[in-house]
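Data block for final-v9.txt (compact mmCIF, N, CA and C atoms):
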# COMPACT_ATOMS: atom_id res chain seq x y z
N MET A 129 6.71 -31.61 13.56
CA MET A 129 7.59 -31.55 12.42
C MET A 129 7.43 -30.23 11.66
N ALA A 130 6.17 -29.78 11.49
CA ALA A 130 5.93 -28.52 10.78
C ALA A 130 6.56 -27.35 11.53
N ASP A 131 6.47 -27.37 12.87
CA ASP A 131 7.09 -26.31 13.67
C ASP A 131 8.60 -26.29 13.48
N PHE A 132 9.20 -27.46 13.42
CA PHE A 132 10.64 -27.55 13.22
C PHE A 132 11.05 -26.95 11.87
N LEU A 133 10.31 -27.31 10.80
CA LEU A 133 10.61 -26.77 9.47
C LEU A 133 10.41 -25.26 9.43
N HIS A 134 9.37 -24.77 10.09
CA HIS A 134 9.12 -23.33 10.14
C HIS A 134 10.28 -22.62 10.84
N SER A 135 10.77 -23.17 11.94
CA SER A 135 11.86 -22.53 12.67
C SER A 135 13.16 -22.56 11.87
N VAL A 136 13.39 -23.64 11.12
CA VAL A 136 14.59 -23.71 10.27
C VAL A 136 14.49 -22.65 9.16
N GLY A 137 13.32 -22.53 8.56
CA GLY A 137 13.12 -21.51 7.52
C GLY A 137 13.32 -20.11 8.06
N ALA A 138 12.79 -19.84 9.25
CA ALA A 138 12.95 -18.52 9.86
C ALA A 138 14.41 -18.22 10.15
N ARG A 139 15.15 -19.22 10.63
CA ARG A 139 16.57 -19.02 10.92
C ARG A 139 17.37 -18.77 9.64
N LEU A 140 17.06 -19.49 8.57
CA LEU A 140 17.74 -19.27 7.30
C LEU A 140 17.48 -17.87 6.76
N ARG A 141 16.24 -17.37 6.93
CA ARG A 141 15.93 -16.02 6.47
C ARG A 141 16.72 -14.98 7.25
N THR A 142 16.99 -15.21 8.53
CA THR A 142 17.79 -14.24 9.29
C THR A 142 19.24 -14.26 8.84
N TRP A 143 19.76 -15.41 8.43
CA TRP A 143 21.15 -15.50 7.97
C TRP A 143 21.32 -14.97 6.55
N PHE A 144 20.40 -15.34 5.67
CA PHE A 144 20.55 -15.02 4.26
C PHE A 144 19.63 -13.88 3.80
N GLY A 145 18.83 -13.37 4.67
CA GLY A 145 17.90 -12.31 4.29
C GLY A 145 16.57 -12.90 3.82
N ASN A 146 15.53 -12.14 4.02
CA ASN A 146 14.21 -12.57 3.60
C ASN A 146 14.02 -12.20 2.13
N ARG A 147 14.01 -13.19 1.27
CA ARG A 147 13.89 -12.96 -0.16
C ARG A 147 12.49 -13.26 -0.67
N ARG A 148 11.54 -13.37 0.21
CA ARG A 148 10.20 -13.73 -0.21
C ARG A 148 9.46 -12.56 -0.84
N GLN A 149 9.86 -11.35 -0.59
CA GLN A 149 9.17 -10.20 -1.14
C GLN A 149 10.15 -9.05 -1.32
N PRO A 150 9.81 -8.08 -2.18
CA PRO A 150 10.71 -6.95 -2.39
C PRO A 150 10.93 -6.17 -1.09
N LEU A 151 12.10 -5.60 -0.97
CA LEU A 151 12.46 -4.83 0.21
C LEU A 151 11.62 -3.56 0.30
N ARG A 152 11.03 -3.34 1.46
CA ARG A 152 10.28 -2.11 1.68
C ARG A 152 11.24 -1.03 2.12
N ARG A 153 11.06 0.16 1.57
CA ARG A 153 11.88 1.31 1.91
C ARG A 153 11.01 2.32 2.65
N ARG A 154 11.56 2.87 3.72
CA ARG A 154 10.84 3.90 4.45
C ARG A 154 10.86 5.18 3.63
N ALA A 155 9.69 5.74 3.38
CA ALA A 155 9.59 6.97 2.60
C ALA A 155 8.27 7.66 2.91
N ARG A 156 8.33 8.95 3.08
CA ARG A 156 7.11 9.74 3.31
C ARG A 156 6.79 10.47 2.01
N ILE A 157 5.85 9.89 1.27
CA ILE A 157 5.46 10.42 -0.03
C ILE A 157 3.98 10.83 0.04
N PRO A 158 3.65 12.07 -0.33
CA PRO A 158 2.23 12.44 -0.38
C PRO A 158 1.49 11.56 -1.38
N CYS A 159 0.27 11.16 -1.01
CA CYS A 159 -0.51 10.32 -1.90
C CYS A 159 -1.99 10.65 -1.80
N SER A 160 -2.70 10.26 -2.83
CA SER A 160 -4.14 10.44 -2.91
C SER A 160 -4.76 9.07 -3.10
N ILE A 161 -5.76 8.73 -2.28
CA ILE A 161 -6.38 7.41 -2.32
C ILE A 161 -7.87 7.56 -2.62
N SER A 162 -8.34 6.84 -3.62
CA SER A 162 -9.77 6.83 -3.92
C SER A 162 -10.20 5.41 -4.24
N LEU A 163 -11.49 5.16 -4.13
CA LEU A 163 -12.04 3.85 -4.49
C LEU A 163 -12.17 3.78 -6.00
N TYR A 164 -11.81 2.63 -6.56
CA TYR A 164 -11.88 2.45 -8.00
C TYR A 164 -12.85 1.31 -8.29
N ASP A 165 -13.90 1.62 -9.01
CA ASP A 165 -14.89 0.62 -9.39
C ASP A 165 -15.14 0.73 -10.89
N GLU A 166 -14.62 -0.23 -11.63
CA GLU A 166 -14.71 -0.19 -13.08
C GLU A 166 -16.16 -0.18 -13.57
N ARG A 167 -17.04 -0.88 -12.86
CA ARG A 167 -18.46 -0.91 -13.26
C ARG A 167 -19.08 0.48 -13.18
N GLU A 168 -18.72 1.24 -12.12
CA GLU A 168 -19.26 2.59 -11.98
C GLU A 168 -18.73 3.50 -13.08
N LEU A 169 -17.46 3.36 -13.43
CA LEU A 169 -16.87 4.19 -14.47
C LEU A 169 -17.50 3.90 -15.83
N LYS A 170 -17.79 2.61 -16.11
CA LYS A 170 -18.42 2.24 -17.38
C LYS A 170 -19.84 2.79 -17.47
N SER A 171 -20.52 2.92 -16.34
CA SER A 171 -21.87 3.45 -16.34
C SER A 171 -21.91 4.97 -16.39
N GLY A 172 -20.73 5.60 -16.42
CA GLY A 172 -20.67 7.05 -16.54
C GLY A 172 -20.57 7.80 -15.22
N LYS A 173 -20.53 7.08 -14.12
CA LYS A 173 -20.43 7.72 -12.82
C LYS A 173 -19.01 8.24 -12.61
N LEU A 174 -18.88 9.46 -12.18
CA LEU A 174 -17.57 10.06 -11.95
C LEU A 174 -16.93 9.48 -10.70
N PRO A 175 -15.59 9.42 -10.68
CA PRO A 175 -14.91 8.93 -9.47
C PRO A 175 -15.29 9.78 -8.26
N GLY A 176 -15.36 9.13 -7.11
CA GLY A 176 -15.73 9.81 -5.87
C GLY A 176 -14.58 10.63 -5.31
N THR A 177 -14.79 11.10 -4.12
CA THR A 177 -13.77 11.91 -3.47
C THR A 177 -12.57 11.06 -3.10
N ALA A 178 -11.47 11.74 -2.87
CA ALA A 178 -10.22 11.05 -2.55
C ALA A 178 -9.74 11.48 -1.17
N LEU A 179 -9.02 10.59 -0.52
CA LEU A 179 -8.38 10.89 0.76
C LEU A 179 -6.94 11.29 0.50
N SER A 180 -6.45 12.22 1.28
CA SER A 180 -5.03 12.58 1.21
C SER A 180 -4.30 11.88 2.33
N GLY A 181 -3.12 11.38 2.03
CA GLY A 181 -2.33 10.69 3.03
C GLY A 181 -0.87 10.76 2.69
N ASN A 182 -0.08 9.98 3.42
CA ASN A 182 1.35 9.88 3.19
C ASN A 182 1.78 8.44 3.36
N THR A 183 2.73 8.02 2.55
CA THR A 183 3.25 6.67 2.71
C THR A 183 4.15 6.60 3.93
N ILE A 184 4.26 5.41 4.48
CA ILE A 184 5.20 5.13 5.56
C ILE A 184 6.37 4.35 4.99
N ASP A 185 6.02 3.33 4.21
CA ASP A 185 7.04 2.56 3.50
C ASP A 185 6.46 2.10 2.18
N ILE A 186 7.37 1.71 1.27
CA ILE A 186 6.92 1.37 -0.08
C ILE A 186 7.92 0.40 -0.72
N SER A 187 7.40 -0.47 -1.57
CA SER A 187 8.23 -1.36 -2.38
C SER A 187 7.59 -1.42 -3.76
N SER A 188 8.16 -2.23 -4.64
CA SER A 188 7.60 -2.36 -5.98
C SER A 188 6.30 -3.14 -5.98
N SER A 189 5.99 -3.84 -4.89
CA SER A 189 4.78 -4.66 -4.85
C SER A 189 3.76 -4.23 -3.80
N GLY A 190 4.09 -3.25 -2.97
CA GLY A 190 3.14 -2.83 -1.95
C GLY A 190 3.58 -1.58 -1.22
N LEU A 191 2.70 -1.10 -0.35
CA LEU A 191 2.99 0.09 0.42
C LEU A 191 2.14 0.13 1.67
N ALA A 192 2.58 0.95 2.60
CA ALA A 192 1.78 1.26 3.78
C ALA A 192 1.64 2.77 3.81
N PHE A 193 0.42 3.24 4.11
CA PHE A 193 0.18 4.68 4.14
C PHE A 193 -0.74 5.03 5.29
N THR A 194 -0.73 6.30 5.65
CA THR A 194 -1.62 6.79 6.70
C THR A 194 -2.69 7.66 6.06
N VAL A 195 -3.90 7.55 6.60
CA VAL A 195 -5.03 8.38 6.18
C VAL A 195 -5.78 8.82 7.44
N PRO A 196 -6.45 9.96 7.38
CA PRO A 196 -7.16 10.44 8.57
C PRO A 196 -8.40 9.62 8.92
N VAL A 197 -9.06 9.04 7.91
CA VAL A 197 -10.26 8.22 8.12
C VAL A 197 -10.15 6.96 7.28
N ILE A 198 -10.95 5.95 7.59
CA ILE A 198 -10.87 4.68 6.89
C ILE A 198 -12.01 4.50 5.88
N ARG A 199 -12.89 5.50 5.79
CA ARG A 199 -14.01 5.40 4.86
C ARG A 199 -14.03 6.59 3.90
N ILE A 200 -14.54 6.32 2.71
CA ILE A 200 -14.87 7.37 1.75
C ILE A 200 -16.37 7.28 1.57
N GLY A 201 -17.05 8.30 2.03
CA GLY A 201 -18.50 8.24 2.05
C GLY A 201 -18.95 7.17 3.02
N HIS A 202 -19.73 6.20 2.56
CA HIS A 202 -20.21 5.12 3.42
C HIS A 202 -19.45 3.81 3.20
N ARG A 203 -18.40 3.84 2.34
CA ARG A 203 -17.67 2.60 2.03
C ARG A 203 -16.26 2.61 2.64
N TYR A 204 -15.91 1.49 3.25
CA TYR A 204 -14.57 1.33 3.82
C TYR A 204 -13.56 1.11 2.70
N ILE A 205 -12.37 1.71 2.85
CA ILE A 205 -11.34 1.52 1.82
C ILE A 205 -10.65 0.17 1.98
N ALA A 206 -10.78 -0.45 3.13
CA ALA A 206 -10.12 -1.72 3.39
C ALA A 206 -11.13 -2.86 3.44
N GLY A 207 -12.10 -2.85 2.55
CA GLY A 207 -13.12 -3.88 2.60
C GLY A 207 -13.13 -4.79 1.39
N ASP A 208 -13.50 -6.02 1.58
CA ASP A 208 -13.81 -7.03 0.57
C ASP A 208 -13.22 -6.80 -0.81
N ASN A 209 -11.92 -6.91 -0.94
CA ASN A 209 -11.23 -6.79 -2.22
C ASN A 209 -11.57 -5.51 -2.98
N ARG A 210 -11.75 -4.45 -2.26
CA ARG A 210 -11.98 -3.16 -2.92
C ARG A 210 -10.68 -2.71 -3.57
N THR A 211 -10.80 -2.24 -4.78
CA THR A 211 -9.63 -1.73 -5.49
C THR A 211 -9.46 -0.26 -5.18
N LEU A 212 -8.24 0.10 -4.80
CA LEU A 212 -7.91 1.48 -4.50
C LEU A 212 -7.09 2.06 -5.64
N ARG A 213 -7.38 3.28 -6.00
CA ARG A 213 -6.56 4.02 -6.96
C ARG A 213 -5.67 4.92 -6.12
N ILE A 214 -4.37 4.70 -6.21
CA ILE A 214 -3.42 5.45 -5.39
C ILE A 214 -2.51 6.24 -6.31
N ILE A 215 -2.48 7.54 -6.10
CA ILE A 215 -1.59 8.40 -6.87
C ILE A 215 -0.50 8.89 -5.93
N LEU A 216 0.74 8.52 -6.25
CA LEU A 216 1.90 8.92 -5.47
C LEU A 216 2.51 10.16 -6.10
N GLU A 217 2.81 11.15 -5.28
CA GLU A 217 3.42 12.38 -5.77
C GLU A 217 4.93 12.31 -5.55
N LEU A 218 5.61 11.62 -6.46
CA LEU A 218 7.06 11.49 -6.39
C LEU A 218 7.70 12.81 -6.82
N PRO A 219 8.95 13.06 -6.41
CA PRO A 219 9.64 14.27 -6.86
C PRO A 219 9.77 14.35 -8.38
N THR A 220 9.78 13.19 -9.06
CA THR A 220 9.91 13.15 -10.51
C THR A 220 8.57 13.21 -11.24
N GLY A 221 7.46 13.22 -10.51
CA GLY A 221 6.14 13.27 -11.11
C GLY A 221 5.18 12.28 -10.48
N SER A 222 3.93 12.37 -10.86
CA SER A 222 2.89 11.50 -10.30
C SER A 222 2.98 10.09 -10.87
N VAL A 223 2.67 9.11 -10.01
CA VAL A 223 2.63 7.71 -10.39
C VAL A 223 1.29 7.15 -9.95
N GLU A 224 0.56 6.52 -10.87
CA GLU A 224 -0.74 5.94 -10.57
C GLU A 224 -0.61 4.43 -10.41
N SER A 225 -1.20 3.92 -9.33
CA SER A 225 -1.21 2.47 -9.13
C SER A 225 -2.59 2.06 -8.63
N PHE A 226 -2.88 0.79 -8.77
CA PHE A 226 -4.12 0.22 -8.26
C PHE A 226 -3.72 -0.86 -7.26
N ALA A 227 -4.38 -0.88 -6.12
CA ALA A 227 -3.97 -1.77 -5.04
C ALA A 227 -5.19 -2.28 -4.29
N VAL A 228 -4.95 -3.33 -3.51
CA VAL A 228 -5.97 -3.90 -2.63
C VAL A 228 -5.43 -3.83 -1.20
N ALA A 229 -6.23 -3.27 -0.31
CA ALA A 229 -5.83 -3.18 1.10
C ALA A 229 -5.76 -4.59 1.70
N THR A 230 -4.67 -4.85 2.40
CA THR A 230 -4.50 -6.16 3.03
C THR A 230 -4.68 -6.10 4.53
N ARG A 231 -4.52 -4.93 5.10
CA ARG A 231 -4.71 -4.76 6.55
C ARG A 231 -4.88 -3.29 6.86
N TYR A 232 -5.46 -3.01 8.02
CA TYR A 232 -5.48 -1.64 8.50
C TYR A 232 -5.49 -1.66 10.02
N GLU A 233 -5.05 -0.56 10.59
CA GLU A 233 -4.92 -0.47 12.03
C GLU A 233 -5.10 0.99 12.45
N ARG A 234 -5.88 1.19 13.48
CA ARG A 234 -6.07 2.55 13.99
C ARG A 234 -4.84 2.96 14.79
N LEU A 235 -4.38 4.18 14.56
CA LEU A 235 -3.24 4.69 15.32
C LEU A 235 -3.70 5.10 16.71
N GLU A 236 -2.85 4.87 17.67
CA GLU A 236 -3.17 5.22 19.05
C GLU A 236 -3.23 6.73 19.21
N GLU A 237 -4.03 7.19 20.14
CA GLU A 237 -4.23 8.62 20.36
C GLU A 237 -2.94 9.35 20.76
N ASP A 238 -2.02 8.66 21.45
CA ASP A 238 -0.83 9.33 21.93
C ASP A 238 0.30 9.39 20.89
N GLN A 239 0.10 8.81 19.70
CA GLN A 239 1.12 8.88 18.66
C GLN A 239 1.04 10.21 17.94
N GLU A 240 2.14 10.60 17.29
CA GLU A 240 2.17 11.88 16.61
C GLU A 240 1.25 11.90 15.39
N LEU A 241 1.08 10.76 14.73
CA LEU A 241 0.17 10.67 13.60
C LEU A 241 -1.21 10.28 14.09
N LYS A 242 -2.22 10.78 13.44
CA LYS A 242 -3.60 10.45 13.79
C LYS A 242 -4.25 9.73 12.61
N GLY A 243 -5.22 8.89 12.89
CA GLY A 243 -5.95 8.22 11.83
C GLY A 243 -5.66 6.74 11.77
N TYR A 244 -5.38 6.24 10.56
CA TYR A 244 -5.22 4.82 10.31
C TYR A 244 -3.98 4.55 9.46
N VAL A 245 -3.39 3.39 9.69
CA VAL A 245 -2.33 2.88 8.82
C VAL A 245 -2.97 1.78 7.99
N VAL A 246 -2.77 1.85 6.68
CA VAL A 246 -3.31 0.85 5.76
C VAL A 246 -2.16 0.23 4.99
N GLY A 247 -2.13 -1.09 4.96
CA GLY A 247 -1.16 -1.82 4.15
C GLY A 247 -1.86 -2.29 2.89
N ALA A 248 -1.21 -2.12 1.75
CA ALA A 248 -1.86 -2.49 0.48
C ALA A 248 -0.87 -3.19 -0.44
N ARG A 249 -1.42 -4.11 -1.24
CA ARG A 249 -0.65 -4.83 -2.25
C ARG A 249 -0.98 -4.24 -3.61
N ILE A 250 0.04 -3.82 -4.35
CA ILE A 250 -0.17 -3.24 -5.68
C ILE A 250 -0.55 -4.36 -6.64
N THR A 251 -1.68 -4.17 -7.33
CA THR A 251 -2.17 -5.19 -8.25
C THR A 251 -1.98 -4.81 -9.71
N ARG A 252 -1.89 -3.50 -9.98
CA ARG A 252 -1.78 -3.07 -11.37
C ARG A 252 -1.12 -1.70 -11.43
N MET A 253 -0.27 -1.54 -12.47
CA MET A 253 0.41 -0.27 -12.68
C MET A 253 0.92 -0.26 -14.12
N SER A 254 0.89 0.88 -14.76
CA SER A 254 1.40 0.96 -16.13
C SER A 254 2.91 0.73 -16.13
N ASP A 255 3.44 0.31 -17.25
CA ASP A 255 4.88 0.05 -17.35
C ASP A 255 5.70 1.31 -17.07
N SER A 256 5.25 2.44 -17.60
CA SER A 256 6.02 3.67 -17.39
C SER A 256 5.98 4.11 -15.93
N ASP A 257 4.82 3.97 -15.27
CA ASP A 257 4.73 4.32 -13.85
C ASP A 257 5.55 3.36 -13.00
N ARG A 258 5.56 2.07 -13.36
CA ARG A 258 6.36 1.09 -12.63
C ARG A 258 7.85 1.41 -12.75
N GLU A 259 8.26 1.82 -13.93
CA GLU A 259 9.66 2.20 -14.14
C GLU A 259 10.02 3.44 -13.32
N ASN A 260 9.13 4.44 -13.31
CA ASN A 260 9.37 5.65 -12.50
C ASN A 260 9.47 5.31 -11.02
N LEU A 261 8.59 4.44 -10.54
CA LEU A 261 8.63 4.04 -9.13
C LEU A 261 9.91 3.26 -8.84
N SER A 262 10.28 2.34 -9.72
CA SER A 262 11.50 1.56 -9.51
C SER A 262 12.74 2.45 -9.46
N ASN A 263 12.81 3.43 -10.35
CA ASN A 263 13.93 4.36 -10.35
C ASN A 263 13.97 5.17 -9.06
N TYR A 264 12.82 5.58 -8.57
CA TYR A 264 12.75 6.33 -7.32
C TYR A 264 13.22 5.46 -6.14
N LEU A 265 12.76 4.20 -6.12
CA LEU A 265 13.12 3.30 -5.03
C LEU A 265 14.63 3.03 -5.01
N LEU A 266 15.26 2.96 -6.17
CA LEU A 266 16.70 2.75 -6.25
C LEU A 266 17.48 3.91 -5.61
N LYS A 267 16.90 5.09 -5.67
CA LYS A 267 17.58 6.28 -5.12
C LYS A 267 17.43 6.41 -3.62
N LEU A 268 16.49 5.68 -3.03
CA LEU A 268 16.27 5.77 -1.58
C LEU A 268 17.38 5.07 -0.81

Conversion result in structure tokens:
Amino acid sequence: MADFLHSVGARLRTWFGNRRQPLRRRARIPCSISLYDERELKSGKLPGTALSGNTIDISSSGLAFTVPVIRIGHRYIAGDNRTLRIILELPTGSVESFAVATRYERLEEDQELKGYVVGARITRMSDSDRENLSNYLLKL
């Protein structure tokens, strides 16, 4: 019975569109990714180094990006609810968001891009940055 309901739901989504999440738009946006740890910042420790990457796709609630490596120092960026600070370099200016990696995958050697693809869910963003991102997404 559960399989039947799942197949009916899948068929309805193909007819009426998948409305479960915001539409992802393909966009190559330069971005900077660093680990964000509020406890370290409160203790006076400066933020660590950042990785440079590019987005593959983006929505108001998440994004996928490529990075050359999956670790910053000795810590994985896609580990145990680690919060990422992601700065997107939009044509209209920088947008800061905080996200949690939900998946990652190593790119195959024969692909044009090298490194890793990381999917992340945006957990926090200022109202002004969210508005700037929404306006940018509308133009895509």

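Non-sequential neighbours of Leu212 of chain A (distance at most 8 Å, separation of 4 or more positions within a chain, all atoms listed in the file) are Ser160, Ile161, Ser162, Leu163, Tyr164, Asp165, Ile205, Ser225, Phe226, Ala227, Val228 and Ala229 of chain A.
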
Secondary structure check, helix (DSSP H, G or I) residues of segment 152-247 of chain A, as a ChimeraX atom specification:
/A:166-170

Print the selection's residues with N, CA and C atoms to a file, as a compact mmCIF listing (two decimals), in the coordinates of the input.
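Final output, saved to again_23.txt:
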# COMPACT_ATOMS: atom_id res chain seq x y z
N GLU A 166 -14.62 -0.23 -11.63
CA GLU A 166 -14.71 -0.19 -13.08
C GLU A 166 -16.16 -0.18 -13.57
N ARG A 167 -17.04 -0.88 -12.86
CA ARG A 167 -18.46 -0.91 -13.26
C ARG A 167 -19.08 0.48 -13.18
N GLU A 168 -18.72 1.24 -12.12
CA GLU A 168 -19.26 2.59 -11.98
C GLU A 168 -18.73 3.50 -13.08
N LEU A 169 -17.46 3.36 -13.43
CA LEU A 169 -16.87 4.19 -14.47
C LEU A 169 -17.50 3.90 -15.83
N LYS A 170 -17.79 2.61 -16.11
CA LYS A 170 -18.42 2.24 -17.38
C LYS A 170 -19.84 2.79 -17.47

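Pairwise distance (atom CA of Gly201 of chain A, atom N of Ser180 of chain A) equals 12.7 Å.
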
For Leu218 of chain A, the closest of A:Ala192, A:Ala178, A:Leu261, A:Leu235 counting only C-alpha atoms is A:Leu261

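If you count only N, CA and C atoms and draw a sphere of 6.5 Å around (3.9, 8.6, 1.6), the protein and nucleic acid residues inside it come out as Ala155, Arg156, Ile157, Pro158, Cys159, Gly181, Asn182, Thr183, Ile184, Asp185 and Phe193 of chain A.
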
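Using only C-alpha atoms, the smallest distance between any of A:Lys242, A:Ile214, A:Gly190, A:Leu266 and Thr230 of chain A comes from A:Gly190.
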
Students should find that atom N of Leu191 of chain A and atom N of Ala248 of chain A are spaced 4.6 Å

For segment 157-160 of chain A, I'd like the enclosing box, axis-aligned and padded by 4 Å on every side, reported as lines of an AutoDock Vina configuration file with centre and edge lengths in Å to one decimal.
center_x = 0.5
center_y = 10.8
center_z = -0.9
size_x = 18.6
size_y = 11.4
size_z = 12.4

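Atom C of Pro150 of chain A is positioned 28.8 Å from atom C of Arg203 of chain A.
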
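Of the listed residues A:Leu151, A:Arg231, A:Lys267, A:Glu166, the one whose atoms come nearest to Thr211 of chain A is A:Glu166, with distances taken using only C-alpha atoms.
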
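The residue that comes closest to Arg258 of chain A, out of A:Val223, A:Val197, A:Leu216, A:Leu179 and on the basis of only N, CA and C atoms, is A:Val223.
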
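With only C-alpha atoms as the atoms that count, the minimum distance from Tyr232 of chain A to the choices A:Ile250, A:Thr220, A:Thr194, A:Asn263 is reached by A:Thr194.
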
For Glu224 of chain A, please output as number ranges by chain all residues within 8 Å (counting only C-alpha atoms; exclusion window: fewer than 6 positions along the same chain).
A: 213-216, 253-254, 257

Write down as number ranges by chain the residues of segment 166-225 of chain A whose backbone DSSP state falls under strand (DSSP E).
A: 179-186, 190-195, 199-200, 203-204, 211-218, 221-225
